[in-house]
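Coordinates from protein_15.tsv are shown below (TSV, N, CA and C atoms).
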```tsv
chain	number	residue	atom	x	y	z
A	9	MET	N	0.15	4.05	-15.20
A	9	MET	CA	-1.27	4.23	-15.30
A	9	MET	C	-1.66	5.49	-14.53
A	10	GLU	N	-2.49	6.30	-15.10
A	10	GLU	CA	-2.92	7.52	-14.43
A	10	GLU	C	-4.22	7.27	-13.67
A	11	GLU	N	-4.42	8.05	-12.65
A	11	GLU	CA	-5.64	7.97	-11.87
A	11	GLU	C	-6.82	8.44	-12.73
A	12	PRO	N	-8.00	7.87	-12.52
A	12	PRO	CA	-9.18	8.38	-13.22
A	12	PRO	C	-9.37	9.85	-12.88
A	13	GLU	N	-9.89	10.61	-13.84
A	13	GLU	CA	-10.06	12.04	-13.62
A	13	GLU	C	-11.13	12.37	-12.60
A	14	SER	N	-12.17	11.56	-12.55
A	14	SER	CA	-13.24	11.87	-11.60
A	14	SER	C	-13.03	11.10	-10.30
A	15	PRO	N	-13.01	11.82	-9.18
A	15	PRO	CA	-12.82	11.15	-7.89
A	15	PRO	C	-14.03	10.27	-7.57
A	16	ASP	N	-13.81	9.22	-6.83
A	16	ASP	CA	-14.91	8.37	-6.38
A	16	ASP	C	-15.21	8.68	-4.91
A	17	GLU	N	-16.11	7.92	-4.33
A	17	GLU	CA	-16.51	8.19	-2.95
A	17	GLU	C	-15.41	7.90	-1.94
A	18	HIS	N	-14.34	7.23	-2.36
A	18	HIS	CA	-13.24	6.89	-1.45
A	18	HIS	C	-12.09	7.90	-1.50
A	19	GLU	N	-12.22	8.91	-2.32
A	19	GLU	CA	-11.14	9.90	-2.45
A	19	GLU	C	-10.82	10.61	-1.13
A	20	PRO	N	-11.82	10.97	-0.32
A	20	PRO	CA	-11.48	11.58	0.98
A	20	PRO	C	-10.65	10.63	1.86
A	21	GLN	N	-10.92	9.33	1.81
A	21	GLN	CA	-10.13	8.39	2.60
A	21	GLN	C	-8.71	8.28	2.02
A	22	ARG	N	-8.56	8.31	0.69
A	22	ARG	CA	-7.22	8.32	0.09
A	22	ARG	C	-6.45	9.57	0.54
A	23	ASP	N	-7.13	10.71	0.57
A	23	ASP	CA	-6.48	11.94	1.03
A	23	ASP	C	-6.04	11.80	2.49
A	24	GLN	N	-6.88	11.19	3.32
A	24	GLN	CA	-6.55	10.97	4.73
A	24	GLN	C	-5.33	10.06	4.84
A	25	ILE	N	-5.31	8.99	4.05
A	25	ILE	CA	-4.19	8.05	4.06
A	25	ILE	C	-2.91	8.77	3.62
A	26	ALA	N	-3.01	9.57	2.56
A	26	ALA	CA	-1.84	10.31	2.08
A	26	ALA	C	-1.30	11.24	3.16
A	27	ALA	N	-2.18	11.92	3.88
A	27	ALA	CA	-1.74	12.82	4.94
A	27	ALA	C	-1.07	12.03	6.07
A	28	LEU	N	-1.64	10.89	6.43
A	28	LEU	CA	-1.03	10.07	7.48
A	28	LEU	C	0.33	9.54	7.05
A	29	VAL	N	0.41	9.01	5.84
A	29	VAL	CA	1.69	8.48	5.36
A	29	VAL	C	2.74	9.58	5.34
A	30	GLY	N	2.34	10.78	4.95
A	30	GLY	CA	3.26	11.90	4.92
A	30	GLY	C	3.79	12.29	6.29
A	31	SER	N	3.06	11.91	7.35
A	31	SER	CA	3.48	12.28	8.70
A	31	SER	C	4.05	11.10	9.50
A	32	LEU	N	4.06	9.91	8.92
A	32	LEU	CA	4.54	8.72	9.62
A	32	LEU	C	5.92	8.31	9.14
A	33	GLU	N	6.64	7.65	10.00
A	33	GLU	CA	7.87	6.98	9.59
A	33	GLU	C	7.47	5.53	9.35
A	34	THR	N	7.38	5.13	8.09
A	34	THR	CA	6.94	3.77	7.77
A	34	THR	C	8.13	2.86	7.53
A	35	ASP	N	7.88	1.57	7.57
A	35	ASP	CA	8.90	0.55	7.39
A	35	ASP	C	9.03	0.20	5.90
A	36	TRP	N	9.16	1.19	5.04
A	36	TRP	CA	9.12	0.96	3.59
A	36	TRP	C	10.39	0.32	3.03
A	37	GLN	N	11.53	0.48	3.68
A	37	GLN	CA	12.77	-0.05	3.13
A	37	GLN	C	12.91	-1.55	3.33
A	38	ARG	N	12.25	-2.08	4.30
A	38	ARG	CA	12.35	-3.51	4.59
A	38	ARG	C	11.23	-4.23	3.85
A	39	ARG	N	11.49	-4.62	2.61
A	39	ARG	CA	10.48	-5.22	1.75
A	39	ARG	C	10.19	-6.66	2.19
A	40	ALA	N	8.95	-7.08	2.01
A	40	ALA	CA	8.53	-8.43	2.40
A	40	ALA	C	8.54	-9.34	1.18
A	41	ASP	N	9.70	-9.45	0.55
A	41	ASP	CA	9.77	-10.24	-0.68
A	41	ASP	C	10.07	-11.72	-0.44
A	42	GLU	N	10.37	-12.09	0.79
A	42	GLU	CA	10.52	-13.50	1.14
A	42	GLU	C	9.25	-13.95	1.86
A	43	SER	N	8.87	-15.21	1.66
A	43	SER	CA	7.60	-15.72	2.19
A	43	SER	C	7.47	-15.53	3.70
A	44	GLU	N	8.51	-15.82	4.44
A	44	GLU	CA	8.43	-15.69	5.90
A	44	GLU	C	8.23	-14.24	6.32
A	45	ARG	N	8.94	-13.32	5.71
A	45	ARG	CA	8.77	-11.89	6.02
A	45	ARG	C	7.36	-11.44	5.65
A	46	PHE	N	6.86	-11.90	4.50
A	46	PHE	CA	5.51	-11.56	4.07
A	46	PHE	C	4.50	-12.02	5.13
A	47	ARG	N	4.63	-13.26	5.60
A	47	ARG	CA	3.71	-13.77	6.61
A	47	ARG	C	3.81	-12.97	7.91
A	48	GLN	N	5.01	-12.58	8.30
A	48	GLN	CA	5.19	-11.78	9.52
A	48	GLN	C	4.46	-10.45	9.41
A	49	VAL	N	4.63	-9.79	8.27
A	49	VAL	CA	3.98	-8.48	8.07
A	49	VAL	C	2.46	-8.64	8.06
A	50	VAL	N	1.97	-9.63	7.33
A	50	VAL	CA	0.52	-9.85	7.25
A	50	VAL	C	-0.06	-10.13	8.64
A	51	ARG	N	0.62	-10.95	9.43
A	51	ARG	CA	0.14	-11.21	10.80
A	51	ARG	C	0.13	-9.93	11.63
A	52	ALA	N	1.16	-9.12	11.48
A	52	ALA	CA	1.25	-7.87	12.24
A	52	ALA	C	0.18	-6.86	11.85
A	53	LEU	N	-0.36	-6.97	10.65
A	53	LEU	CA	-1.37	-6.03	10.17
A	53	LEU	C	-2.76	-6.29	10.75
A	54	ARG	N	-2.97	-7.44	11.28
A	54	ARG	CA	-4.31	-7.83	11.75
A	54	ARG	C	-4.69	-7.07	13.02
A	55	GLY	N	-5.85	-6.41	12.96
A	55	GLY	CA	-6.42	-5.77	14.14
A	55	GLY	C	-5.72	-4.52	14.63
A	56	VAL	N	-4.99	-3.83	13.76
A	56	VAL	CA	-4.31	-2.61	14.18
A	56	VAL	C	-5.03	-1.38	13.65
A	57	THR	N	-4.70	-0.23	14.21
A	57	THR	CA	-5.29	1.03	13.76
A	57	THR	C	-4.78	1.38	12.36
A	58	LEU	N	-5.43	2.30	11.71
A	58	LEU	CA	-5.00	2.73	10.38
A	58	LEU	C	-3.56	3.25	10.37
A	59	PRO	N	-3.18	4.15	11.27
A	59	PRO	CA	-1.79	4.60	11.25
A	59	PRO	C	-0.79	3.46	11.42
A	60	GLU	N	-1.09	2.52	12.32
A	60	GLU	CA	-0.20	1.37	12.53
A	60	GLU	C	-0.15	0.49	11.28
A	61	LYS	N	-1.28	0.31	10.63
A	61	LYS	CA	-1.33	-0.49	9.41
A	61	LYS	C	-0.43	0.13	8.34
A	62	LEU	N	-0.52	1.43	8.18
A	62	LEU	CA	0.29	2.12	7.17
A	62	LEU	C	1.77	2.04	7.52
A	63	ARG	N	2.09	2.15	8.80
A	63	ARG	CA	3.49	2.07	9.24
A	63	ARG	C	4.06	0.67	9.02
A	64	ILE	N	3.33	-0.35	9.48
A	64	ILE	CA	3.80	-1.73	9.37
A	64	ILE	C	3.92	-2.15	7.90
A	65	ALA	N	2.94	-1.77	7.09
A	65	ALA	CA	2.94	-2.15	5.68
A	65	ALA	C	3.94	-1.34	4.86
A	66	GLY	N	4.55	-0.35	5.47
A	66	GLY	CA	5.58	0.42	4.77
A	66	GLY	C	5.04	1.24	3.62
A	67	PHE	N	3.87	1.83	3.78
A	67	PHE	CA	3.27	2.63	2.71
A	67	PHE	C	4.17	3.79	2.32
A	68	THR	N	4.22	4.05	1.02
A	68	THR	CA	4.87	5.25	0.48
A	68	THR	C	3.90	5.88	-0.51
A	69	LEU	N	4.11	7.15	-0.79
A	69	LEU	CA	3.26	7.87	-1.74
A	69	LEU	C	3.88	7.86	-3.14
A	70	HIS	N	4.82	6.97	-3.35
A	70	HIS	CA	5.54	6.86	-4.63
A	70	HIS	C	5.98	5.41	-4.82
A	71	PRO	N	6.25	5.01	-6.05
A	71	PRO	CA	6.75	3.65	-6.27
A	71	PRO	C	8.12	3.48	-5.62
A	72	VAL	N	8.45	2.25	-5.29
A	72	VAL	CA	9.74	1.91	-4.69
A	72	VAL	C	10.49	1.01	-5.67
A	73	GLU	N	11.74	1.31	-5.92
A	73	GLU	CA	12.59	0.47	-6.75
A	73	GLU	C	13.25	-0.56	-5.84
A	74	HIS	N	13.03	-1.85	-6.15
A	74	HIS	CA	13.60	-2.92	-5.32
A	74	HIS	C	13.97	-4.10	-6.20
A	75	ASP	N	15.21	-4.53	-6.11
A	75	ASP	CA	15.72	-5.66	-6.89
A	75	ASP	C	15.42	-5.52	-8.38
A	76	GLY	N	15.54	-4.30	-8.89
A	76	GLY	CA	15.34	-4.07	-10.31
A	76	GLY	C	13.90	-3.92	-10.76
A	77	PHE	N	12.98	-3.91	-9.84
A	77	PHE	CA	11.56	-3.76	-10.17
A	77	PHE	C	11.01	-2.50	-9.53
A	78	GLU	N	10.22	-1.77	-10.30
A	78	GLU	CA	9.50	-0.65	-9.72
A	78	GLU	C	8.23	-1.21	-9.09
A	79	GLN	N	8.10	-1.04	-7.80
A	79	GLN	CA	6.97	-1.58	-7.07
A	79	GLN	C	5.97	-0.47	-6.76
A	80	ALA	N	4.89	-0.46	-7.51
A	80	ALA	CA	3.79	0.49	-7.30
A	80	ALA	C	2.51	-0.31	-7.16
A	81	CYS	N	1.53	0.25	-6.49
A	81	CYS	CA	0.25	-0.44	-6.32
A	81	CYS	C	-0.30	-0.93	-7.66
A	82	GLU	N	-0.18	-0.11	-8.68
A	82	GLU	CA	-0.79	-0.47	-9.97
A	82	GLU	C	-0.23	-1.75	-10.58
A	83	THR	N	0.95	-2.21	-10.14
A	83	THR	CA	1.51	-3.44	-10.67
A	83	THR	C	1.45	-4.58	-9.67
A	84	CYS	N	0.80	-4.38	-8.55
A	84	CYS	CA	0.68	-5.40	-7.51
A	84	CYS	C	-0.53	-6.30	-7.79
A	85	MET	N	-0.39	-7.57	-7.47
A	85	MET	CA	-1.48	-8.52	-7.70
A	85	MET	C	-2.72	-8.23	-6.85
A	86	TYR	N	-2.57	-7.47	-5.78
A	86	TYR	CA	-3.71	-7.16	-4.91
A	86	TYR	C	-4.44	-5.87	-5.29
A	87	TYR	N	-3.94	-5.18	-6.31
A	87	TYR	CA	-4.53	-3.90	-6.71
A	87	TYR	C	-5.73	-4.12	-7.64
A	88	LEU	N	-6.87	-3.57	-7.26
A	88	LEU	CA	-8.06	-3.60	-8.10
A	88	LEU	C	-8.11	-2.29	-8.87
A	89	VAL	N	-7.80	-2.37	-10.16
A	89	VAL	CA	-7.62	-1.17	-10.99
A	89	VAL	C	-8.85	-0.28	-11.01
A	90	HIS	N	-10.01	-0.83	-11.27
A	90	HIS	CA	-11.21	0.00	-11.45
A	90	HIS	C	-11.74	0.58	-10.14
A	91	ARG	N	-11.38	-0.03	-9.03
A	91	ARG	CA	-11.79	0.51	-7.73
A	91	ARG	C	-10.68	1.32	-7.07
A	92	ARG	N	-9.43	1.17	-7.58
A	92	ARG	CA	-8.26	1.78	-6.96
A	92	ARG	C	-8.21	1.36	-5.49
A	93	TRP	N	-8.13	0.06	-5.30
A	93	TRP	CA	-8.26	-0.55	-3.98
A	93	TRP	C	-7.23	-1.65	-3.80
A	94	CYS	N	-6.69	-1.78	-2.59
A	94	CYS	CA	-5.84	-2.91	-2.25
A	94	CYS	C	-6.73	-3.97	-1.63
A	95	GLU	N	-6.80	-5.14	-2.29
A	95	GLU	CA	-7.69	-6.19	-1.81
A	95	GLU	C	-7.02	-7.20	-0.88
A	96	LEU	N	-5.75	-6.98	-0.52
A	96	LEU	CA	-5.15	-7.84	0.48
A	96	LEU	C	-6.00	-7.67	1.75
A	97	PRO	N	-6.61	-8.75	2.25
A	97	PRO	CA	-7.58	-8.60	3.36
A	97	PRO	C	-7.03	-7.83	4.56
A	98	GLU	N	-5.76	-7.96	4.85
A	98	GLU	CA	-5.20	-7.28	6.01
A	98	GLU	C	-4.95	-5.79	5.75
A	99	ILE	N	-4.99	-5.38	4.49
A	99	ILE	CA	-4.87	-3.95	4.17
A	99	ILE	C	-6.25	-3.41	3.82
A	100	ASP	N	-6.89	-3.91	2.78
A	100	ASP	CA	-8.28	-3.59	2.44
A	100	ASP	C	-8.58	-2.09	2.53
A	101	LEU	N	-7.85	-1.30	1.71
A	101	LEU	CA	-7.99	0.15	1.73
A	101	LEU	C	-8.01	0.71	0.31
A	102	PRO	N	-8.63	1.89	0.13
A	102	PRO	CA	-8.49	2.58	-1.14
A	102	PRO	C	-7.06	3.10	-1.25
A	103	VAL	N	-6.48	2.95	-2.43
A	103	VAL	CA	-5.09	3.38	-2.64
A	103	VAL	C	-5.00	4.12	-3.97
A	104	ARG	N	-3.84	4.67	-4.22
A	104	ARG	CA	-3.56	5.32	-5.50
A	104	ARG	C	-2.53	4.49	-6.25
A	105	ALA	N	-2.62	4.51	-7.57
A	105	ALA	CA	-1.80	3.65	-8.43
A	105	ALA	C	-0.31	3.78	-8.17
A	106	GLN	N	0.17	4.98	-7.87
A	106	GLN	CA	1.61	5.20	-7.71
A	106	GLN	C	2.12	5.02	-6.28
A	107	TRP	N	1.26	4.65	-5.36
A	107	TRP	CA	1.71	4.35	-4.01
A	107	TRP	C	2.39	2.99	-4.01
A	108	SER	N	2.99	2.64	-2.89
A	108	SER	CA	3.62	1.33	-2.76
A	108	SER	C	3.57	0.91	-1.29
A	109	CYS	N	3.78	-0.39	-1.05
A	109	CYS	CA	3.93	-0.89	0.31
A	109	CYS	C	4.86	-2.09	0.28
A	110	ASN	N	5.28	-2.55	1.45
A	110	ASN	CA	6.28	-3.60	1.48
A	110	ASN	C	5.72	-5.00	1.28
A	111	VAL	N	4.43	-5.16	1.11
A	111	VAL	CA	3.86	-6.47	0.78
A	111	VAL	C	3.44	-6.54	-0.69
A	112	TRP	N	4.04	-5.69	-1.51
A	112	TRP	CA	3.80	-5.69	-2.96
A	112	TRP	C	4.11	-7.07	-3.52
A	113	ARG	N	3.25	-7.55	-4.40
A	113	ARG	CA	3.43	-8.85	-5.07
A	113	ARG	C	3.10	-8.73	-6.55
A	114	VAL	N	3.85	-9.48	-7.35
A	114	VAL	CA	3.60	-9.51	-8.79
A	114	VAL	C	2.86	-10.78	-9.14
```
Please lay out the structure from this file as structure tokens.
Amino acid sequence: MEEPESPDEHEPQRDQIAALVGSLETDWQRRADESERFRQVVRALRGVTLPEKLRIAGFTLHPVEHDGFEQACETCMYYLVHRRWCELPEIDLPVRAQWSCNVWRV
């Protein structure tokens, strides 16, 4: 899925997130595909700064291939397509369709 051509009011925040992710070492390789790991990551995301949230959630600026699945925001159950937003309460950020994080769910 391609991004809408016209930016919305959250595009500056997406740009900020992209710049931060590009400068952080995130925990993207350790996927939270088991329930206990998912709960650990979600608990760790509560009440942290934006850079820490991106690091803990393992944000990437590209899809991640894991266990035979391409994991991108656009295919995650928490992705709101028309808002380009992650609605997982502990993340709750504007995102881009081709980004990924380690709490991706189908």
Identify, on the basis of all atoms listed in the file, every residue whose closest approach to Glu82 (chain A) does not exceed 6.5 Å; exclude the query and any residue fewer than 6 positions from it along the same chain; express the result as a PyMOL selection string.
chain A and resi 104-107
Find the nearest atom pair between each residue of region 65-96 of chain A and region 23-37 of chain A for residues within 6.5 Å, count only N, CA and C atoms, give distances in Å to one decimal, sort rows by chain and ascending number, and present the table as CSV.
```
residue,atom,partner,partner_atom,distance
A:Ala65,C,A:Asp35,C,5.4
A:Gly66,CA,A:Asp35,C,3.6
A:Phe67,N,A:Trp36,CA,5.3
A:Thr68,N,A:Trp36,CA,6.3
```
Please measure the separation of CA of Val114 (chain A) and CA of Asp100 (chain A), giving the value in Å to one decimal.
17.4 Å
Provide an axis-aligned box for all listed atoms of region 93-101 of chain A, padding each side by 4 Å; report its centre and its edge lengths in Å to one decimal, as JSON.
```
{"center_x": -6.7, "center_y": -4.0, "center_z": 0.4, "size_x": 11.7, "size_y": 17.5, "size_z": 19.3}
```
Who sits within 8 Å of Arg45 (chain A), only N, CA and C atoms, same chain under 5 positions skipped, as a list in words:
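Listing them by chain and then by number gives Arg39, Ala40, Val50, Arg51, Asn110 and Val111 of chain A.
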Kindly save the residues from that selection, with N, CA and C atoms included, as a PDB file, in the frame of the given file.
```pdb
ATOM      1  N   ARG A  39      11.490  -4.620   2.610  1.00  0.00           N
ATOM      2  CA  ARG A  39      10.480  -5.220   1.750  1.00  0.00           C
ATOM      3  C   ARG A  39      10.190  -6.660   2.190  1.00  0.00           C
ATOM      4  N   ALA A  40       8.950  -7.080   2.010  1.00  0.00           N
ATOM      5  CA  ALA A  40       8.530  -8.430   2.400  1.00  0.00           C
ATOM      6  C   ALA A  40       8.540  -9.340   1.180  1.00  0.00           C
ATOM      7  N   VAL A  50       1.970  -9.630   7.330  1.00  0.00           N
ATOM      8  CA  VAL A  50       0.520  -9.850   7.250  1.00  0.00           C
ATOM      9  C   VAL A  50      -0.060 -10.130   8.640  1.00  0.00           C
ATOM     10  N   ARG A  51       0.620 -10.950   9.430  1.00  0.00           N
ATOM     11  CA  ARG A  51       0.140 -11.210  10.800  1.00  0.00           C
ATOM     12  C   ARG A  51       0.130  -9.930  11.630  1.00  0.00           C
ATOM     13  N   ASN A 110       5.280  -2.550   1.450  1.00  0.00           N
ATOM     14  CA  ASN A 110       6.280  -3.600   1.480  1.00  0.00           C
ATOM     15  C   ASN A 110       5.720  -5.000   1.280  1.00  0.00           C
ATOM     16  N   VAL A 111       4.430  -5.160   1.110  1.00  0.00           N
ATOM     17  CA  VAL A 111       3.860  -6.470   0.780  1.00  0.00           C
ATOM     18  C   VAL A 111       3.440  -6.540  -0.690  1.00  0.00           C
TER      19      VAL A 111
END
```
Mind pulling up the distance from atom C of Glu44 (chain A) to atom C of Ile99 (chain A)?
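These two atoms are separated by 18.3 Å.
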List every residue of chain A that DSSP, applied to the backbone of this structure, places in strand (DSSP E), and write the result as a list in words.
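The residues of chain A classed as strand (DSSP E) are Val72, Glu73, His74, Phe77, Glu78, Gln79, Tyr87, Leu88, Trp93, Cys94, Leu101 and Pro102 of chain A.
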What's the separation between CA of Trp93 (chain A) and CA of Gln48 (chain A), in Å to one decimal place?
22.1 Å
For Lys61 (chain A), which of A:Val103, A:Pro15, A:Glu98, A:Arg22 is the closest residue, counting only N, CA and C atoms?
A:Glu98
Could you pull out the alpha helix (DSSP H) residues of chain A, going by DSSP on the backbone, and write them as a CSV table (one decimal) with N, CA and C atoms, keeping the file's coordinate frame?
```
chain,number,residue,atom,x,y,z
A,19,GLU,N,-12.2,8.9,-2.3
A,19,GLU,CA,-11.1,9.9,-2.4
A,19,GLU,C,-10.8,10.6,-1.1
A,20,PRO,N,-11.8,11.0,-0.3
A,20,PRO,CA,-11.5,11.6,1.0
A,20,PRO,C,-10.6,10.6,1.9
A,21,GLN,N,-10.9,9.3,1.8
A,21,GLN,CA,-10.1,8.4,2.6
A,21,GLN,C,-8.7,8.3,2.0
A,22,ARG,N,-8.6,8.3,0.7
A,22,ARG,CA,-7.2,8.3,0.1
A,22,ARG,C,-6.4,9.6,0.5
A,23,ASP,N,-7.1,10.7,0.6
A,23,ASP,CA,-6.5,11.9,1.0
A,23,ASP,C,-6.0,11.8,2.5
A,24,GLN,N,-6.9,11.2,3.3
A,24,GLN,CA,-6.6,11.0,4.7
A,24,GLN,C,-5.3,10.1,4.8
A,25,ILE,N,-5.3,9.0,4.0
A,25,ILE,CA,-4.2,8.0,4.1
A,25,ILE,C,-2.9,8.8,3.6
A,26,ALA,N,-3.0,9.6,2.6
A,26,ALA,CA,-1.8,10.3,2.1
A,26,ALA,C,-1.3,11.2,3.2
A,27,ALA,N,-2.2,11.9,3.9
A,27,ALA,CA,-1.7,12.8,4.9
A,27,ALA,C,-1.1,12.0,6.1
A,28,LEU,N,-1.6,10.9,6.4
A,28,LEU,CA,-1.0,10.1,7.5
A,28,LEU,C,0.3,9.5,7.0
A,29,VAL,N,0.4,9.0,5.8
A,29,VAL,CA,1.7,8.5,5.4
A,29,VAL,C,2.7,9.6,5.3
A,30,GLY,N,2.3,10.8,5.0
A,30,GLY,CA,3.3,11.9,4.9
A,30,GLY,C,3.8,12.3,6.3
A,31,SER,N,3.1,11.9,7.4
A,31,SER,CA,3.5,12.3,8.7
A,31,SER,C,4.0,11.1,9.5
A,43,SER,N,8.9,-15.2,1.7
A,43,SER,CA,7.6,-15.7,2.2
A,43,SER,C,7.5,-15.5,3.7
A,44,GLU,N,8.5,-15.8,4.4
A,44,GLU,CA,8.4,-15.7,5.9
A,44,GLU,C,8.2,-14.2,6.3
A,45,ARG,N,8.9,-13.3,5.7
A,45,ARG,CA,8.8,-11.9,6.0
A,45,ARG,C,7.4,-11.4,5.6
A,46,PHE,N,6.9,-11.9,4.5
A,46,PHE,CA,5.5,-11.6,4.1
A,46,PHE,C,4.5,-12.0,5.1
A,47,ARG,N,4.6,-13.3,5.6
A,47,ARG,CA,3.7,-13.8,6.6
A,47,ARG,C,3.8,-13.0,7.9
A,48,GLN,N,5.0,-12.6,8.3
A,48,GLN,CA,5.2,-11.8,9.5
A,48,GLN,C,4.5,-10.4,9.4
A,49,VAL,N,4.6,-9.8,8.3
A,49,VAL,CA,4.0,-8.5,8.1
A,49,VAL,C,2.5,-8.6,8.1
A,50,VAL,N,2.0,-9.6,7.3
A,50,VAL,CA,0.5,-9.8,7.2
A,50,VAL,C,-0.1,-10.1,8.6
A,51,ARG,N,0.6,-11.0,9.4
A,51,ARG,CA,0.1,-11.2,10.8
A,51,ARG,C,0.1,-9.9,11.6
A,52,ALA,N,1.2,-9.1,11.5
A,52,ALA,CA,1.2,-7.9,12.2
A,52,ALA,C,0.2,-6.9,11.8
A,53,LEU,N,-0.4,-7.0,10.6
A,53,LEU,CA,-1.4,-6.0,10.2
A,53,LEU,C,-2.8,-6.3,10.8
A,58,LEU,N,-5.4,2.3,11.7
A,58,LEU,CA,-5.0,2.7,10.4
A,58,LEU,C,-3.6,3.2,10.4
A,59,PRO,N,-3.2,4.2,11.3
A,59,PRO,CA,-1.8,4.6,11.2
A,59,PRO,C,-0.8,3.5,11.4
A,60,GLU,N,-1.1,2.5,12.3
A,60,GLU,CA,-0.2,1.4,12.5
A,60,GLU,C,-0.2,0.5,11.3
A,61,LYS,N,-1.3,0.3,10.6
A,61,LYS,CA,-1.3,-0.5,9.4
A,61,LYS,C,-0.4,0.1,8.3
A,62,LEU,N,-0.5,1.4,8.2
A,62,LEU,CA,0.3,2.1,7.2
A,62,LEU,C,1.8,2.0,7.5
A,63,ARG,N,2.1,2.2,8.8
A,63,ARG,CA,3.5,2.1,9.2
A,63,ARG,C,4.1,0.7,9.0
A,64,ILE,N,3.3,-0.4,9.5
A,64,ILE,CA,3.8,-1.7,9.4
A,64,ILE,C,3.9,-2.2,7.9
```
